[in-house]
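Novice: Below you'll find coords07.cif; it's mmCIF, C-alpha atoms.
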data_data
#
loop_
_atom_site.label_atom_id
_atom_site.label_comp_id
_atom_site.auth_asym_id
_atom_site.auth_seq_id
_atom_site.Cartn_x
_atom_site.Cartn_y
_atom_site.Cartn_z
CA MET A 1 18.59 19.03 -14.47
CA GLU A 2 15.98 16.36 -15.04
CA ILE A 3 14.53 16.32 -11.52
CA VAL A 4 14.13 20.10 -11.51
CA ASP A 5 12.27 20.08 -14.81
CA ALA A 6 10.10 17.16 -13.68
CA VAL A 7 9.11 18.88 -10.44
CA ARG A 8 8.29 22.15 -12.16
CA SER A 9 6.19 20.39 -14.77
CA ALA A 10 4.29 18.33 -12.20
CA LEU A 11 3.54 21.36 -10.04
CA ALA A 12 2.40 23.44 -13.00
CA SER A 13 -0.10 20.76 -14.01
CA GLY A 14 -2.31 21.04 -10.95
CA GLY A 15 -3.22 22.87 -7.79
CA ASP A 16 -6.19 24.84 -6.52
CA PRO A 17 -6.13 28.62 -7.04
CA GLU A 18 -8.56 29.28 -4.19
CA LYS A 19 -6.54 27.17 -1.78
CA ALA A 20 -3.36 28.78 -3.09
CA ALA A 21 -4.60 32.23 -2.10
CA GLN A 22 -5.54 30.97 1.37
CA GLN A 23 -2.14 29.33 1.82
CA GLN A 24 -0.28 32.45 0.78
CA ARG A 25 -2.26 34.60 3.23
CA TYR A 26 -1.81 32.13 6.09
CA MET A 27 1.94 31.76 5.56
CA LYS A 28 2.42 35.48 4.83
CA SER A 29 4.45 34.32 1.85
CA GLU A 30 5.83 36.63 -0.82
CA LEU A 31 5.96 33.62 -3.14
CA PRO A 32 2.55 32.48 -4.37
CA TYR A 33 1.35 28.91 -3.94
CA ARG A 34 0.04 26.47 -6.50
CA GLY A 35 -2.58 25.30 -4.02
CA PHE A 36 -1.56 21.74 -3.14
CA ALA A 37 -2.45 20.41 0.31
CA ALA A 38 0.52 18.79 2.04
CA PRO A 39 -0.66 15.19 1.38
CA GLU A 40 -1.31 16.07 -2.26
CA LEU A 41 2.15 17.53 -2.66
CA LYS A 42 3.73 14.49 -1.06
CA ALA A 43 1.81 12.18 -3.39
CA LEU A 44 2.78 14.29 -6.40
CA LEU A 45 6.48 14.17 -5.54
CA ARG A 46 6.60 10.50 -4.54
CA PRO A 47 6.94 8.98 -8.03
CA LEU A 48 9.46 11.64 -9.06
CA LEU A 49 11.65 11.00 -6.04
CA ALA A 50 11.30 7.22 -6.20
CA SER A 51 13.74 7.06 -9.07
CA TYR A 52 15.88 10.02 -8.04
CA ARG A 53 19.58 9.06 -7.94
CA PRO A 54 21.92 12.07 -7.85
CA THR A 55 25.32 11.17 -9.26
CA ASP A 56 27.44 13.23 -6.85
CA ARG A 57 27.24 15.87 -4.11
CA THR A 58 27.83 18.76 -6.49
CA THR A 59 24.94 17.72 -8.72
CA TRP A 60 22.63 17.18 -5.75
CA GLU A 61 23.42 20.60 -4.28
CA ALA A 62 23.01 22.31 -7.66
CA GLU A 63 19.57 20.73 -8.09
CA VAL A 64 18.50 21.80 -4.61
CA ARG A 65 19.77 25.35 -5.07
CA THR A 66 18.28 25.74 -8.54
CA LEU A 67 14.83 24.62 -7.49
CA TRP A 68 15.05 26.75 -4.34
CA ASP A 69 16.59 29.95 -5.71
CA GLU A 70 14.57 30.03 -8.91
CA ALA A 71 11.27 29.10 -7.27
CA THR A 72 8.23 30.89 -8.65
CA HIS A 73 5.88 29.16 -6.16
CA ARG A 74 6.44 28.06 -2.59
CA GLU A 75 5.84 24.38 -3.35
CA GLU A 76 9.07 24.40 -5.35
CA ARG A 77 10.94 25.17 -2.14
CA TYR A 78 9.14 22.35 -0.37
CA ALA A 79 10.23 20.10 -3.22
CA ALA A 80 13.82 21.35 -2.94
CA LEU A 81 13.82 20.31 0.71
CA ALA A 82 12.43 16.91 -0.24
CA ILE A 83 15.34 16.48 -2.66
CA ALA A 84 17.82 17.72 -0.06
CA ARG A 85 16.68 15.12 2.49
CA HIS A 86 16.26 12.28 -0.04
CA ARG A 87 17.71 8.94 1.09
CA SER A 88 20.20 9.01 -1.79
CA ALA A 89 21.63 12.25 -0.43
CA LYS A 90 22.30 10.89 3.06
CA PRO A 91 26.10 10.68 2.51
CA TRP A 92 26.13 14.41 1.75
CA LEU A 93 24.49 15.43 5.01
CA ALA A 94 27.95 16.34 6.20
CA PRO A 95 29.92 19.42 7.31
CA GLU A 96 30.70 20.23 3.67
CA SER A 97 27.01 21.00 3.19
CA VAL A 98 26.78 23.56 6.01
CA PRO A 99 26.90 26.50 3.55
CA LEU A 100 23.88 25.00 1.76
CA PHE A 101 21.99 24.53 5.03
CA ARG A 102 22.76 28.09 6.06
CA HIS A 103 21.57 29.37 2.69
CA LEU A 104 18.26 27.52 3.06
CA VAL A 105 17.70 28.88 6.55
CA VAL A 106 18.66 32.49 5.84
CA THR A 107 16.79 32.78 2.55
CA GLY A 108 13.86 30.66 3.74
CA ALA A 109 13.42 32.94 6.76
CA TRP A 110 10.09 31.51 7.88
CA TRP A 111 9.15 28.73 10.26
CA ASP A 112 7.95 26.13 7.75
CA LEU A 113 11.15 26.13 5.71
CA VAL A 114 13.53 26.74 8.61
CA ASP A 115 12.10 24.04 10.87
CA GLU A 116 12.18 21.47 8.07
CA THR A 117 15.82 22.31 7.42
CA ALA A 118 16.68 22.11 11.12
CA GLU A 119 14.95 18.76 11.61
CA HIS A 120 15.79 16.89 8.44
CA LEU A 121 19.12 18.36 7.35
CA VAL A 122 20.93 19.96 10.29
CA ARG A 123 19.93 17.41 12.94
CA PRO A 124 21.07 14.26 11.10
CA THR A 125 24.30 16.02 10.12
CA LEU A 126 24.93 16.89 13.77
CA VAL A 127 24.27 13.31 14.87
CA ALA A 128 26.62 11.86 12.25
CA HIS A 129 29.37 14.47 12.64
CA ARG A 130 29.26 15.79 16.20
CA THR A 131 32.92 16.78 16.39
CA GLU A 132 32.69 19.04 13.36
CA MET A 133 29.09 20.21 13.74
CA THR A 134 28.96 21.09 17.43
CA PRO A 135 31.21 24.17 17.05
CA VAL A 136 29.15 25.26 14.04
CA LEU A 137 25.90 25.16 15.97
CA TRP A 138 27.55 26.69 19.02
CA ALA A 139 28.38 29.68 16.82
CA TRP A 140 24.95 29.66 15.18
CA ALA A 141 23.35 30.13 18.61
CA GLY A 142 24.79 33.64 18.71
CA ASP A 143 24.48 34.49 15.04
CA ASP A 144 23.09 37.82 13.84
CA ASP A 145 20.35 36.01 11.91
CA LEU A 146 17.21 35.17 13.88
CA TRP A 147 16.48 32.01 11.90
CA ILE A 148 20.01 30.66 12.25
CA ARG A 149 19.66 31.10 16.02
CA ARG A 150 16.27 29.35 15.99
CA THR A 151 17.89 26.46 14.13
CA ALA A 152 20.56 26.16 16.82
CA VAL A 153 17.88 25.98 19.51
CA ILE A 154 15.61 23.39 17.87
CA CYS A 155 18.07 21.24 15.89
CA GLN A 156 18.15 18.55 18.61
CA LEU A 157 14.40 17.98 18.80
CA GLY A 158 13.66 14.28 19.04
CA LEU A 159 17.14 13.19 20.09
CA ARG A 160 15.97 12.49 23.64
CA ALA A 161 18.81 10.84 25.59
CA ASP A 162 21.26 11.62 22.78
CA THR A 163 20.75 15.36 23.25
CA ASP A 164 23.96 17.32 23.79
CA LEU A 165 22.89 19.22 26.90
CA ASP A 166 25.87 21.57 26.80
CA LEU A 167 24.85 22.66 23.32
CA LEU A 168 21.19 22.95 24.28
CA VAL A 169 21.96 25.02 27.37
CA HIS A 170 24.28 27.28 25.40
CA ALA A 171 21.68 27.83 22.67
CA ILE A 172 18.99 28.65 25.22
CA ASP A 173 21.18 30.83 27.44
CA THR A 174 22.39 32.81 24.45
CA ASN A 175 18.84 33.57 23.34
CA ILE A 176 16.95 33.73 26.64
CA ASP A 177 16.60 37.53 26.44
CA ASP A 178 15.51 37.62 22.81
CA PRO A 179 12.07 39.29 22.62
CA THR A 180 10.88 37.65 19.40
CA PHE A 181 8.11 35.07 19.34
CA TRP A 182 10.24 32.77 17.17
CA LEU A 183 13.04 32.38 19.71
CA ARG A 184 10.78 32.29 22.75
CA LYS A 185 8.65 29.59 21.16
CA ALA A 186 11.75 27.65 20.08
CA ILE A 187 13.22 27.68 23.60
CA GLY A 188 10.00 26.39 25.12
CA TRP A 189 9.63 23.78 22.38
CA ALA A 190 13.17 22.49 22.86
CA LEU A 191 12.70 22.19 26.62
CA ARG A 192 9.27 20.57 26.28
CA ASP A 193 10.71 18.01 23.91
CA TYR A 194 13.60 17.13 26.23
CA ALA A 195 11.21 16.91 29.19
CA ARG A 196 10.11 13.57 27.76
CA SER A 197 13.55 12.24 28.67
CA ASP A 198 14.30 14.18 31.85
CA PRO A 199 11.44 16.24 33.28
CA GLY A 200 13.41 17.05 36.43
CA TRP A 201 16.22 18.61 34.43
CA VAL A 202 13.77 20.77 32.51
CA ARG A 203 12.08 21.97 35.70
CA SER A 204 15.51 22.91 37.05
CA GLU A 205 16.39 24.84 33.89
CA VAL A 206 13.13 26.76 33.98
CA ALA A 207 13.73 27.58 37.65
CA ARG A 208 17.33 28.58 36.96
CA HIS A 209 16.26 31.22 34.47
CA GLY A 210 13.51 32.55 36.70
CA GLU A 211 11.92 35.76 35.46
CA ARG A 212 14.40 36.02 32.58
CA MET A 213 12.49 33.24 30.82
CA SER A 214 9.49 34.56 28.95
CA GLY A 215 6.02 33.37 29.88
CA LEU A 216 5.70 31.75 26.45
CA SER A 217 8.91 29.75 26.86
CA ARG A 218 7.93 28.72 30.38
CA ARG A 219 4.43 27.60 29.38
CA GLU A 220 5.76 25.59 26.46
CA ALA A 221 8.53 24.00 28.54
CA LEU A 222 6.18 22.89 31.32
CA LYS A 223 3.20 22.10 29.12
CA HIS A 224 3.14 18.36 29.84
CA LEU A 225 4.74 18.41 33.30
#
Output the file's structure in the form of structure tokens.
Specialist:
Amino acid sequence: MEIVDAVRSALASGGDPEKAAQQQRYMKSELPYRGFAAPELKALLRPLLASYRPTDRTTWEAEVRTLWDEATHREERYAALAIARHRSAKPWLAPESVPLFRHLVVTGAWWDLVDETAEHLVRPTLVAHRTEMTPVLWAWAGDDDLWIRRTAVICQLGLRADTDLDLLVHAIDTNIDDPTFWLRKAIGWALRDYARSDPGWVRSEVARHGERMSGLSRREALKHL
């Protein structure tokens, strides 16, 4: 797997140990960091990804999973997501890749990895394949896994007028009583984002939930209204 070897070699050649320790503490990560700032990591990966041309879906998924599952440092998982969302892989952002997306969310299990997966993998797949993906995300909204449920809530961020309101309402209603920060924040974030398209609708939704909606969700939803 040429791209996997290239990424590992590039990451091993640099980094900042002091920054790495700070990053690991901040992200509460079990995996250590190499110590690349986000712009540095992007610049490091750019030439490697410029010539990346996976031959088929199976190869692409194997490369993503290998880099992800065998990661010794967290930057390898960031690189796996960069490969997963690469322009050459766009045809494979399809229902057949749902097991991969679920694997990334469940094993990533933290906001940086989960939110990237929701935004750059799940969302475009939903937009391109609504008939097949809507029932998947409808089920995800009530999943046992916290991060799968968060994905269902936030996967339509940025869609504005193209937001499926039935799906959004279902995802929020299903999780409105969840006590965790991650779901409460996600609900408020999703509503705040859609308020840019229809602030009146968002005010009505907040009012509809009344005291059932957490203060965090309410503040986030109404932040710019």
Novice: Running the PyMOL selection byres ((chain A and resi 108-121) around 9) on this model by hand, what would come out? Give it as a compact mmCIF listing (two decimals) with C-alpha atoms, keeping the file's coordinate frame.
Specialist:
# COMPACT_ATOMS: atom_id res chain seq x y z
CA MET A 27 1.94 31.76 5.56
CA SER A 29 4.45 34.32 1.85
CA ARG A 77 10.94 25.17 -2.14
CA TYR A 78 9.14 22.35 -0.37
CA LEU A 81 13.82 20.31 0.71
CA ALA A 84 17.82 17.72 -0.06
CA ARG A 85 16.68 15.12 2.49
CA LEU A 93 24.49 15.43 5.01
CA PHE A 101 21.99 24.53 5.03
CA HIS A 103 21.57 29.37 2.69
CA LEU A 104 18.26 27.52 3.06
CA VAL A 105 17.70 28.88 6.55
CA VAL A 106 18.66 32.49 5.84
CA THR A 107 16.79 32.78 2.55
CA VAL A 122 20.93 19.96 10.29
CA ARG A 123 19.93 17.41 12.94
CA PRO A 124 21.07 14.26 11.10
CA THR A 125 24.30 16.02 10.12
CA LEU A 126 24.93 16.89 13.77
CA LEU A 146 17.21 35.17 13.88
CA TRP A 147 16.48 32.01 11.90
CA ILE A 148 20.01 30.66 12.25
CA ARG A 150 16.27 29.35 15.99
CA THR A 151 17.89 26.46 14.13
CA ALA A 152 20.56 26.16 16.82
CA ILE A 154 15.61 23.39 17.87
CA CYS A 155 18.07 21.24 15.89
CA GLN A 156 18.15 18.55 18.61
CA LEU A 157 14.40 17.98 18.80
CA GLY A 158 13.66 14.28 19.04
CA TRP A 182 10.24 32.77 17.17
Novice: For the file shown, report as a VMD selection string the outcome of the PyMOL selection byres ((chain A and resi 160-172) around 8) at residue level.
Specialist: chain A and resid 134 137 to 138 141 to 142 149 152 to 153 156 to 159 173 to 176 187 193 to 194 196 to 197
Novice: Under the PyMOL selection byres ((chain A and resi 10) around 12), which residues of this model are included? Write them out as a list in words.
Specialist: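 Taken on the displayed file, the PyMOL selection byres ((chain A and resi 10) around 12) yields the residues Ile3, Val4, Asp5, Ala6, Val7, Arg8, Ser9, Leu11, Ala12, Ser13, Gly14, Gly15, Arg34, Phe36, Glu40, Leu41, Lys42, Ala43, Leu44, Leu45, Arg46, Pro47, Leu48, Glu75, Glu76 and Ala79 of chain A.
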Novice: Atom CA of A:Asp69 and atom CA of A:Ala20 are how many Å apart?
Specialist: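 One can read the atom CA of A:Asp69 to atom CA of A:Ala20 distance as 20.2 Å.
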Novice: Determine, counting only C-alpha atoms, which protein, DNA and RNA residues have an atom within 12 Å of an atom of A:Thr59; residues of the same chain fewer than 4 positions away are not included. Present the result as a ChimeraX atom specification.
Specialist: /A:1-4,52-55,63-66,83-84,89,92
Novice: Can you tell me, as an MDAnalysis selection string, what residues are no more than 12 Å from A:Glu96 when counting all atoms listed in the file, ignoring any on the same chain fewer than 2 positions away?
Specialist: chainID A and resid 57:58 61 91:94 98:102 122 125 129 132:133 136
Novice: Around the point (-2.2, 28.0, -2.6) in the file's coordinates, collect all residues with an atom within 7 Å, using all atoms listed in the file, and return them as a VMD selection string.
Specialist: chain A and resid 16 to 24 32 to 36
Novice: One decimal, in Å: what's the spacing between atom CA of A:Arg219 and atom CA of A:Val202?
Specialist: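 Between atom CA of A:Arg219 and atom CA of A:Val202 the gap works out to 12.0 Å.
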Novice: Output, as AutoDock Vina command-line options, the centre and edge lengths in Å (one decimal) of the axis-aligned box that contains all listed atoms of stretch 142-147 of chain A with 5 Å of margin on each side.
Specialist:
--center_x 20.6 --center_y 34.9 --center_z 15.3 --size_x 18.3 --size_y 15.8 --size_z 16.8
Novice: Please report the interatomic distance between atom CA of A:Trp189 and atom CA of A:Ala221 in Å with one decimal.
Specialist: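 Atom CA of A:Trp189 sits 6.3 Å away from atom CA of A:Ala221.
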Novice: Counting only C-alpha atoms, select every polymer residue within 10 Å of (11.1, 34.4, -8.8) as defined in the file's coordinates, and provide the selection as a VMD selection string.
Specialist: chain A and resid 30 to 32 68 to 73
